[in-house]
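Read through the structure below, which is laid out as structure tokens, and then see the notes.
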Amino acid sequence: MHRRPYWPGKTMRDRWAHTDVAAQARGHTGNHRLHRRWEQFDDRKKNAKIANLAVACELAGWCWSLAVMDT
């Protein structure tokens, strides 16, 4: 998901419409950050499996931070 250029589709925008502004902003910036990580790995010609694992670990941490976020 994050390897291609990030453009939120209709489904994502509809889901964001049902959340508070803080969660929307956090989700949007997080998606951009994960996409930038992919670009950095590609620029450095890193092994795709290593890049997958690194982005997955970062995504897991980001999801956890959203789950415990005070709203």
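Labels for the structure tokens follow display order: chains A, B, ..., residues from 1 in each chain, ligands from 1.
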
>> Using only C-alpha atoms, which protein or nucleic acid residues come within 12 Å of region 33-38 of chain A? Drop anything in the same chain fewer than 5 positions from it, and give the result as a PyMOL selection string.
In response: chain A and resi 1-7+26-28+43-63

Among chain A, which ones does DSSP place in alpha helix (DSSP H), written as a CSV table (one decimal) with C-alpha atoms, in the first residue's frame?
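Below is the file that was written, result15.csv:
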```csv
chain,number,residue,atom,x,y,z
A,10,LYS,CA,-12.9,7.4,-1.8
A,11,THR,CA,-13.2,4.5,0.7
A,12,MET,CA,-10.4,6.0,2.9
A,13,ARG,CA,-11.9,9.5,2.7
A,14,ASP,CA,-15.3,8.1,3.7
A,15,ARG,CA,-13.8,6.4,6.7
A,16,TRP,CA,-12.0,9.5,7.7
A,21,VAL,CA,-9.9,15.7,13.3
A,22,ALA,CA,-6.9,14.6,15.4
A,23,ALA,CA,-7.1,11.0,14.1
A,24,GLN,CA,-7.5,12.2,10.5
A,25,ALA,CA,-4.4,14.3,10.8
A,26,ARG,CA,-2.4,11.6,12.4
A,27,GLY,CA,-3.5,9.0,9.8
A,28,HIS,CA,-2.7,11.3,6.9
A,29,THR,CA,0.8,12.2,8.2
A,30,GLY,CA,1.5,8.6,9.1
A,31,ASN,CA,0.6,7.4,5.6
A,32,HIS,CA,2.9,10.0,4.1
A,33,ARG,CA,5.7,9.0,6.4
A,34,LEU,CA,5.5,5.3,5.5
A,35,HIS,CA,5.5,6.2,1.8
A,36,ARG,CA,8.6,8.3,2.3
A,37,ARG,CA,10.3,5.4,4.1
A,38,TRP,CA,9.6,3.2,1.0
A,39,GLU,CA,11.1,5.9,-1.2
A,40,GLN,CA,14.2,6.0,1.0
A,41,PHE,CA,14.7,2.3,0.8
A,42,ASP,CA,14.2,2.3,-3.0
A,43,ASP,CA,16.7,5.2,-3.4
A,48,ALA,CA,12.8,-5.6,-1.0
A,49,LYS,CA,12.4,-8.2,1.8
A,50,ILE,CA,14.3,-6.0,4.3
A,51,ALA,CA,12.3,-2.9,3.2
A,52,ASN,CA,9.0,-4.8,3.7
A,53,LEU,CA,10.0,-5.9,7.2
A,54,ALA,CA,11.2,-2.4,8.2
A,55,VAL,CA,8.0,-0.7,6.9
A,56,ALA,CA,5.8,-3.4,8.5
A,57,CYS,CA,7.5,-2.9,11.9
A,58,GLU,CA,7.0,0.9,11.6
A,59,LEU,CA,3.4,0.4,10.6
A,60,ALA,CA,2.8,-1.9,13.6
A,61,GLY,CA,4.2,0.7,15.9
A,62,TRP,CA,2.1,3.4,14.3
A,63,CYS,CA,-1.1,1.3,14.6
A,64,TRP,CA,-0.4,0.8,18.2
A,65,SER,CA,0.1,4.5,18.8
A,66,LEU,CA,-3.3,5.1,17.2
A,67,ALA,CA,-4.9,2.5,19.3
```
